[in-house]
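To keep things clear, I will list the structure first and then write my remarks on it.
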Amino acid sequence: MATNVTGVESLMKKLTELGGNVEETLYKSIQKQGELVKGEAKMLCPVDTGDLRKSIYKKTKRAKGKIIGIVYTNSDHAAYVEFGTGRTGEITNKNTNVNVSYKQDKWLVNIPDVGPRWIEGQPAQPYLYPALKNNEKRIIEYIKADLRKAIREVAKK
């Protein structure tokens with residue numbers, strides 16, 4: 001999920017005109033915003049053993065003239081939790097920005113302390129996507145604030 005920051009062009013231009021380092025200011029700001037999203041993702045993440053929550057990371061990178069903040073997990077079951085599985089997941093997944101294919105027939109699983117059961121999947125329990133969407137406006141405002149702060153610091157010199 002990529003989000004472009006708009007409405008900061010004039011602040012970036014002003015900082016550049018004053019001799020400030022726009023790229024470094026944005027890089028540091030995106031790092032902070034990644035921490036914000038990562039923190040909320042961990043808070044929203046459903047917990048059974050805690051492995052999924054522990055597997056949420058963030059990184060910031062420069063690529064082709066852009067600064068990209070990424071909050072991700074390397075867990076093998078993260079997508080199943082985020083999007084759900086089977087018909088149940090398809091019905092409960094409200095994230096229309098990602099195209100997910102779901103198994104349409106039931107399958108047999110052995111549930112501990114219950115025994116074999118036919119299931120239609122598990123419900124979606126989104127935590128990554130909402131962590132970004134819940135903070136989207138705040139992130140943009142924080143980036144603007146960081147640019148304004150950098151402008152004030154450069155202007156003092």
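Numbering starts fresh at 1 for the residues of each chain in the structure tokens, the chains themselves are lettered A, B, ... in the order given, and ligands are numbered from 1 as they appear.
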With DSSP run on the backbone, what are the strand (DSSP E) residues within region 85-135 of chain A? I'd like them as number ranges by chain. A: 107-111, 115-119
For the residues in that selection, give me C-alpha atoms as a PDB file, in the first residue's frame.
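Dumped everything to out.pdb:
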```
ATOM      1  CA  TRP A 107     -11.899 -28.107   4.057  1.00  0.00           C
ATOM      2  CA  LEU A 108     -11.316 -30.560   6.866  1.00  0.00           C
ATOM      3  CA  VAL A 109      -9.167 -29.494   9.793  1.00  0.00           C
ATOM      4  CA  ASN A 110      -8.339 -31.144  13.084  1.00  0.00           C
ATOM      5  CA  ILE A 111      -9.131 -28.685  15.863  1.00  0.00           C
ATOM      6  CA  GLY A 115     -11.523 -33.082  16.628  1.00  0.00           C
ATOM      7  CA  PRO A 116     -11.989 -32.978  12.849  1.00  0.00           C
ATOM      8  CA  ARG A 117     -14.350 -30.322  11.503  1.00  0.00           C
ATOM      9  CA  TRP A 118     -15.249 -28.934   8.077  1.00  0.00           C
ATOM     10  CA  ILE A 119     -14.642 -25.195   7.985  1.00  0.00           C
TER      11      ILE A 119
END
```
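For Gly89 (chain A), the residues within 12 Å (counting only C-alpha atoms, excluding itself and residues fewer than 2 positions away along the chain) are Ala79, Tyr80, Val81, Glu82, Phe83, Gly84, Thr85, Gly86, Arg87, Ile91, Thr92, Asn93, Lys94, Asn95, Val100, Ser101, Tyr102, Lys103, Gln104, Ile119, Glu120, Gly121, Gln122, Pro123, Ala124, Gln125 and Pro126 of chain A.
When only C-alpha atoms are used to compute distances to Leu128 (chain A), the closest of the residues A:Val154, A:Ile70, A:Leu26, A:Ala63 turns out to be A:Ile70.
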Of the residues A:Leu52, A:Ile140, A:Ile67, A:Leu18, which is the one nearest to Glu153 (chain A), using only C-alpha atoms? A:Leu18
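Closest approach to Lys14 (chain A) among A:Arg148, A:Lys156, A:Ser75, A:Glu141 is made by A:Arg148 (distances from only C-alpha atoms).
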Which parts of chain A does DSSP call alpha helix (DSSP H) when run on the backbone here, written out as an NGL selection string? :A and (9-17 or 22-44 or 51-54 or 78-83 or 86-92 or 128-133 or 136-156)
Just to confirm, what's the straight-line distance from CA of Ile30 (chain A) to CA of Ala155 (chain A) in Å (one decimal)? 22.4 Å
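You will find CA of Pro112 (chain A) at 18.4 Å from CA of His77 (chain A).
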List the spatial neighbours of Asn21 (chain A) as JSON, numbers by chain - criterion: any atom at most 10 Å away, only C-alpha atoms, same-chain residues fewer than 4 positions off excluded. {"A": [12, 15, 16, 17, 25, 26, 147, 150, 151, 154]}
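Among the candidates A:Thr88, A:Tyr27, A:Val37, A:Lys144, the residue lying nearest to Asp105 (chain A) is A:Thr88 (atoms considered: only C-alpha atoms).
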